[in-house]
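Visitor: Handing you a structure now.
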Amino acid sequence: MSKQTYTDLLLKAKKFYDDYKTLFPPFEPLKLFELNKKQTKVLDKLFKRLKNTYPTFHPNYIGQMIKPPADISSISYFFAMLYNSNNHALDGGPETSFLEKEVIAELAKMIGYKKFIGHLTSGGTMANLEGLWISKLSTRNGYFAICENAHYTHTRLSKVLDFKYELIKMNERGKIDLNDLEKKLKSGKIRTVVATLGTTGFGALDEIHEILKLKSKYNFRLHIDAAYGGFFKILANNNSSLIEKKIFDKIHFADSIVIDPHKHGLQPYGCGSILFKDPLIGKFYKHDSPYTYFTSKELHLGEVTLECSRPGASAAALWATIKSFSLTSKNGFYKILELTRKAAIKFYSLLINSEIFTPVIYPELDIVNYFPAAKTTSKINFLSEKLFNELMNNKNYPIYVSKYRLKAQFFKKLFPEIQTDSSEVIILRSVLMKPEHYFYIDDIFKEMRNVFLKKVLQ
Ligand SMILES: Cc1ncc(COP(=O)(O)O)c(C=O)c1O
């Protein structure tokens with residue numbers, strides 16, 4: 001979008017809001033809140049301070065899971081934020097609640113849920129908290145099974161909820177080890193299995209189709225943490241050869257699913273979601289507080305959310321984004337996600353064909369892990385640390401990657417020829433979640449190689 005159009009739209013949003021105000025009896029707002037010189041100076045300071053941020057908008061940022069929101073999303077967010085509606089109840093601003101119900105229905109359709117109940121959350125952590133909480137209540141305190149490679153939020157949430165868990169090993173592809181899972185299911189203690197679609201470290205996909213076979217044998221609840229990988233269901237829905245379709249095809253048999261629009265949904269932070277297959281779980285949210293009342297019989301989202309106040313602006317931004325970038329057509333999210341997958345595959349092939357870097361696991365999504373070749377793990381640790389810093393400080397062409405610590409035992413299984421003389425192995429991790437990565441990854445790789453040979457190996 002041109003700068004002109006962006007500015008025009010922001011002004012239009014403000015004008016719309018000012019016009020809306022004229023629909024009500026006039027009043028004099030206090031001068032106190034009018035933007036004045038002092039505030040303009042404060043803003044200038046803020047603008048400068050915000051420059052102290054990693055350039056996550058740039059293709060050279062291949063560090064953490066951070067993706068810039070689409071313009072349509074930030075403009076809609078700004079517009080809706082002016083109204084400051086609260087999706088706790090229809091009384092807090094009906095329209096954004098309707099928008100939230102629409103986007104949840106779109107996400108449910110993408111997953112394949114016919115019946116469902118769900119809502120937006122502030123992020124993946126809150127969404128998983130709700131998923132685990134409902135699992136605990138539905139299974140009368142049975143244990144949940146969680147892979148050692150799952151996001152740390154689950155084991156931490158287990159303390160919050162006093163919900164005990166069994167840790168399941170990860171296999172050599174970074175996925176939940178199905179043999180270990182079945183062994184532990186046999187004890188009868190586990191009543192919920194948490195699977196991940198898109199692990200934070202590797203972007204690995206737990207084998208949902210196999211876990212579902214175990215579900216019919218052992219009858220547990222299945223909660224899928226697809227905070228990162230959920231939107232890749234669009235590739236599977238369109239039969240893309242770039243995704244392991246069979247893993248995604250039956251996810252609608254899961255009891256609850258978390259998907260973060262603030263990861264791959266082009267949204268600014270503060271936008272996660274939880275969807276449940278059975279609308280009846282709504283009963284667990286029931287409350288009766290003397291200061292809450294609902295002015296209609298229609299479902300108020302506050303009746304089925306743990307967070308009370310929630311920004312209507314998040315729903316508005318996601319709604320406008322989904323309407324602009326369809327979840328179904330091949331020209332919307334599909335195209336973007338396809339490019340991120342292609343970028344990861346290209347990067348993997350550059351790494352595996354280089355004599356200086358070794359990729360760890362073939363990427364299933366758009367996250368690639370690798371390390372500089374060396375004979376011992378302590379040397380790998382040294383080289384990875386040095387490369388990480390040199391890349392970031394590379395004048396005129398900085399590259400931002402992230403680091404990932406692997407247990408030496410796991411590393412040894414994959415690379416027995418490398419001597420393990422440290423308890424952990426520091427590898428590098430790149431998240432190629434912007435479609436532009438596909439077009440820039442060759443240049444980025446070339447410069448990584450240069451920096452390694454000229455600055456790290458010296
Ligand atoms: C798989 C997975 N689950 C949960 C989370 C936590 O989500 P959030 O940071 O939105 O709270 C993350 C964050 O990276 C994640 O990758």
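For the structure tokens, the naming scheme is as follows: chains receive sequential letters (A, B, ...) according to their order of presentation, residues are indexed from 1 within each chain, and ligands are indexed from 1 in presentation order.
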So which residues touch stretch 409-422 of chain A within 7 Å, counting only C-alpha atoms, skipping near sequence neighbours fewer than 4 positions away, as a PyMOL selection string?
Guide: chain A and resi 172+375-378
Visitor: Each residue of chain A with at least one atom at most 6 Å from ligand 1 should appear once, together with its nearest atom pair and the corresponding distance in Å (one decimal); atoms considered: only C-alpha atoms and all ligand atoms; ordering: chain, then increasing residue number; output as a tab-separated table.
Guide:
residue	atom	partner	partner_atom_place_in_ligand_line	distance
A:Gly123	CA	ligand 1	10 (O)	3.7
A:Gly124	CA	ligand 1	7 (O)	3.4
A:Thr125	CA	ligand 1	11 (O)	3.6
A:His151	CA	ligand 1	2 (C)	5.1
A:Gly198	CA	ligand 1	1 (C)	6.0
A:Thr199	CA	ligand 1	1 (C)	5.0
A:Thr200	CA	ligand 1	16 (O)	4.1
A:Asp225	CA	ligand 1	3 (N)	5.8
A:Ala227	CA	ligand 1	3 (N)	5.0
A:Tyr228	CA	ligand 1	16 (O)	5.3
Visitor: Report as a Markdown table the residues of stretch 282-366 of chain A within 10 Å of stretch 102-114 of chain A, each with its shortest atom pair and distance in Å (one decimal), using only C-alpha atoms, ordered by chain and increasing residue number.
Guide:
| residue | atom | partner | partner_atom | distance |
| --- | --- | --- | --- | --- |
| A:Ala315 | CA | A:Val103 | CA | 7.3 |
| A:Ala316 | CA | A:Val103 | CA | 9.0 |
| A:Leu318 | CA | A:Val103 | CA | 7.0 |
| A:Trp319 | CA | A:Val103 | CA | 5.7 |
| A:Ala320 | CA | A:Val103 | CA | 9.4 |
| A:Thr321 | CA | A:Val103 | CA | 9.9 |
| A:Ile322 | CA | A:Val103 | CA | 7.7 |
| A:Lys323 | CA | A:Val103 | CA | 9.4 |
| A:Ser326 | CA | A:Glu106 | CA | 9.7 |
| A:Leu327 | CA | A:Met110 | CA | 7.0 |
| A:Thr328 | CA | A:Met110 | CA | 7.6 |
Visitor: Calculated over only C-alpha atoms, which of the candidates A:Ala70, A:His437, A:Asn381, A:Thr155 has the smallest distance to A:Ser423?
Guide: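 With only C-alpha atoms as the atom set, the closest residue is A:Asn381.
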Visitor: Could you give me the residues within stretch 135-306 of chain A that DSSP places in alpha helix (DSSP H), as a ChimeraX atom specification?
Guide: /A:135-138,153-161,178-185,208-218,233-237,245-249,261-264
Visitor: Just to be explicit: take each residue in the selection above, keep N, CA and C atoms, and write the result as a tab-separated table (two decimals), in the first residue's frame.
Guide:
chain	number	residue	atom	x	y	z
A	135	SER	N	-10.06	-29.37	29.78
A	135	SER	CA	-9.67	-30.78	29.78
A	135	SER	C	-9.65	-31.32	31.20
A	136	LYS	N	-9.09	-30.54	32.09
A	136	LYS	CA	-9.00	-30.99	33.49
A	136	LYS	C	-10.42	-31.20	34.06
A	137	LEU	N	-11.29	-30.23	33.81
A	137	LEU	CA	-12.64	-30.33	34.36
A	137	LEU	C	-13.42	-31.47	33.71
A	138	SER	N	-13.18	-31.70	32.42
A	138	SER	CA	-13.95	-32.74	31.70
A	138	SER	C	-13.46	-34.14	32.04
A	153	THR	N	4.92	-23.45	27.94
A	153	THR	CA	3.74	-22.92	28.61
A	153	THR	C	2.89	-24.02	29.24
A	154	HIS	N	2.87	-25.22	28.61
A	154	HIS	CA	1.98	-26.28	29.11
A	154	HIS	C	2.39	-26.79	30.49
A	155	THR	N	3.69	-27.01	30.68
A	155	THR	CA	4.10	-27.52	31.99
A	155	THR	C	3.97	-26.43	33.05
A	156	ARG	N	4.15	-25.18	32.62
A	156	ARG	CA	3.96	-24.08	33.58
A	156	ARG	C	2.47	-23.93	33.93
A	157	LEU	N	1.64	-24.06	32.90
A	157	LEU	CA	0.18	-23.96	33.15
A	157	LEU	C	-0.30	-25.10	34.05
A	158	SER	N	0.40	-26.23	33.97
A	158	SER	CA	-0.03	-27.36	34.81
A	158	SER	C	0.05	-26.96	36.29
A	159	LYS	N	1.03	-26.09	36.61
A	159	LYS	CA	1.14	-25.63	38.01
A	159	LYS	C	-0.02	-24.68	38.33
A	160	VAL	N	-0.31	-23.80	37.38
A	160	VAL	CA	-1.40	-22.83	37.60
A	160	VAL	C	-2.71	-23.58	37.86
A	161	LEU	N	-2.92	-24.64	37.07
A	161	LEU	CA	-4.21	-25.34	37.12
A	161	LEU	C	-4.20	-26.53	38.10
A	178	LEU	N	5.38	-41.82	19.55
A	178	LEU	CA	4.10	-42.53	19.69
A	178	LEU	C	4.23	-43.80	20.54
A	179	ASN	N	5.40	-44.44	20.48
A	179	ASN	CA	5.59	-45.66	21.29
A	179	ASN	C	5.59	-45.30	22.77
A	180	ASP	N	6.31	-44.22	23.09
A	180	ASP	CA	6.36	-43.79	24.48
A	180	ASP	C	4.97	-43.35	24.95
A	181	LEU	N	4.25	-42.66	24.04
A	181	LEU	CA	2.91	-42.20	24.39
A	181	LEU	C	2.02	-43.41	24.71
A	182	GLU	N	2.06	-44.41	23.83
A	182	GLU	CA	1.18	-45.57	24.06
A	182	GLU	C	1.57	-46.30	25.34
A	183	LYS	N	2.87	-46.41	25.56
A	183	LYS	CA	3.33	-47.09	26.79
A	183	LYS	C	2.72	-46.39	28.01
A	184	LYS	N	2.75	-45.07	27.99
A	184	LYS	CA	2.26	-44.32	29.16
A	184	LYS	C	0.72	-44.29	29.22
A	185	LEU	N	0.09	-44.39	28.05
A	185	LEU	CA	-1.39	-44.41	28.04
A	185	LEU	C	-1.90	-45.67	28.73
A	208	ILE	N	-1.01	-36.35	14.10
A	208	ILE	CA	-2.39	-36.35	14.61
A	208	ILE	C	-3.15	-37.60	14.13
A	209	HIS	N	-2.92	-38.00	12.88
A	209	HIS	CA	-3.66	-39.17	12.36
A	209	HIS	C	-3.34	-40.42	13.17
A	210	GLU	N	-2.12	-40.54	13.67
A	210	GLU	CA	-1.76	-41.71	14.49
A	210	GLU	C	-2.28	-41.53	15.91
A	211	ILE	N	-2.22	-40.30	16.41
A	211	ILE	CA	-2.70	-40.04	17.78
A	211	ILE	C	-4.21	-40.32	17.85
A	212	LEU	N	-4.91	-40.05	16.74
A	212	LEU	CA	-6.36	-40.31	16.73
A	212	LEU	C	-6.65	-41.81	16.82
A	213	LYS	N	-5.74	-42.63	16.26
A	213	LYS	CA	-5.94	-44.09	16.38
A	213	LYS	C	-5.83	-44.48	17.85
A	214	LEU	N	-4.85	-43.85	18.54
A	214	LEU	CA	-4.69	-44.14	19.97
A	214	LEU	C	-5.89	-43.61	20.75
A	215	LYS	N	-6.45	-42.51	20.27
A	215	LYS	CA	-7.62	-41.91	20.96
A	215	LYS	C	-8.80	-42.89	20.95
A	216	SER	N	-8.97	-43.57	19.79
A	216	SER	CA	-10.12	-44.48	19.77
A	216	SER	C	-9.84	-45.72	20.62
A	217	LYS	N	-8.56	-46.04	20.82
A	217	LYS	CA	-8.24	-47.21	21.64
A	217	LYS	C	-8.28	-46.87	23.15
A	218	TYR	N	-7.76	-45.68	23.49
A	218	TYR	CA	-7.62	-45.36	24.93
A	218	TYR	C	-8.59	-44.28	25.42
A	233	LYS	N	-3.23	-25.45	7.81
A	233	LYS	CA	-4.35	-26.33	7.42
A	233	LYS	C	-4.89	-25.88	6.06
A	234	ILE	N	-4.73	-24.59	5.74
A	234	ILE	CA	-5.23	-24.08	4.45
A	234	ILE	C	-4.51	-24.78	3.30
A	235	LEU	N	-3.21	-25.05	3.47
A	235	LEU	CA	-2.48	-25.77	2.41
A	235	LEU	C	-3.03	-27.19	2.27
A	236	ALA	N	-3.28	-27.83	3.41
A	236	ALA	CA	-3.81	-29.21	3.37
A	236	ALA	C	-5.21	-29.20	2.74
A	237	ASN	N	-6.02	-28.21	3.10
A	237	ASN	CA	-7.39	-28.14	2.54
A	237	ASN	C	-7.37	-27.99	1.03
A	245	LYS	N	-0.36	-33.66	4.30
A	245	LYS	CA	-1.82	-33.52	4.35
A	245	LYS	C	-2.48	-34.43	5.39
A	246	LYS	N	-1.97	-35.68	5.47
A	246	LYS	CA	-2.66	-36.64	6.35
A	246	LYS	C	-2.60	-36.22	7.83
A	247	ILE	N	-1.60	-35.42	8.17
A	247	ILE	CA	-1.49	-34.95	9.56
A	247	ILE	C	-2.61	-33.96	9.88
A	248	PHE	N	-2.96	-33.14	8.88
A	248	PHE	CA	-3.95	-32.08	9.10
A	248	PHE	C	-5.39	-32.53	8.83
A	249	ASP	N	-5.53	-33.58	8.01
A	249	ASP	CA	-6.86	-33.89	7.49
A	249	ASP	C	-7.92	-34.18	8.54
A	261	PRO	N	-3.73	-16.16	15.59
A	261	PRO	CA	-3.68	-15.23	14.46
A	261	PRO	C	-2.53	-14.23	14.57
A	262	HIS	N	-1.98	-14.03	15.78
A	262	HIS	CA	-0.83	-13.12	15.85
A	262	HIS	C	0.49	-13.80	15.48
A	263	LYS	N	0.41	-15.05	15.05
A	263	LYS	CA	1.62	-15.69	14.49
A	263	LYS	C	1.49	-15.68	12.97
A	264	HIS	N	0.66	-16.62	12.42
A	264	HIS	CA	0.59	-16.67	10.96
A	264	HIS	C	-0.67	-16.02	10.39
Visitor: Can you pull out the residues contacting A:Lys189? Cut-off 12 Å, using only C-alpha atoms, and skip same-chain residues under 6 positions away; I want them as a list in words.
Guide: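 In the requested format, the answer is Thr139, Arg140, Asn141, Gly142, Tyr143, Phe144, Ala145, Lys164, Tyr165, Glu166, Leu181, Glu182, Lys183, Tyr218, Asn219 and Phe220 of chain A.
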Visitor: Could you tell me which of A:Ile345, A:Ile66, A:Leu30, A:Ala13 comes closest to A:Tyr83 if we count only C-alpha atoms?
Guide: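 Among A:Ile345, A:Ile66, A:Leu30, A:Ala13, it is A:Ala13 that comes nearest to A:Tyr83.
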Visitor: Which residue out of A:Leu82, A:Leu299, A:Ile190, A:Ile441 has the minimum interatomic distance to A:Phe16 when only C-alpha atoms are used?
Guide: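 Of A:Leu82, A:Leu299, A:Ile190, A:Ile441, the one nearest A:Phe16, counting only C-alpha atoms, is A:Leu82.
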Visitor: Output as an NGL selection string all residues of stretch 54-302 of chain A that backbone DSSP marks as strand (DSSP E).
Guide: :A and (117-121 or 143-147 or 165-168 or 190-196 or 221-225 or 256-258 or 272-276)
Visitor: Taking only C-alpha atoms into account, name the residue in A:Leu11, A:Leu132, A:Leu50, A:Val401 that is nearest to A:Phe276.
Guide: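 Smallest separation from A:Phe276 among the options: A:Leu132.
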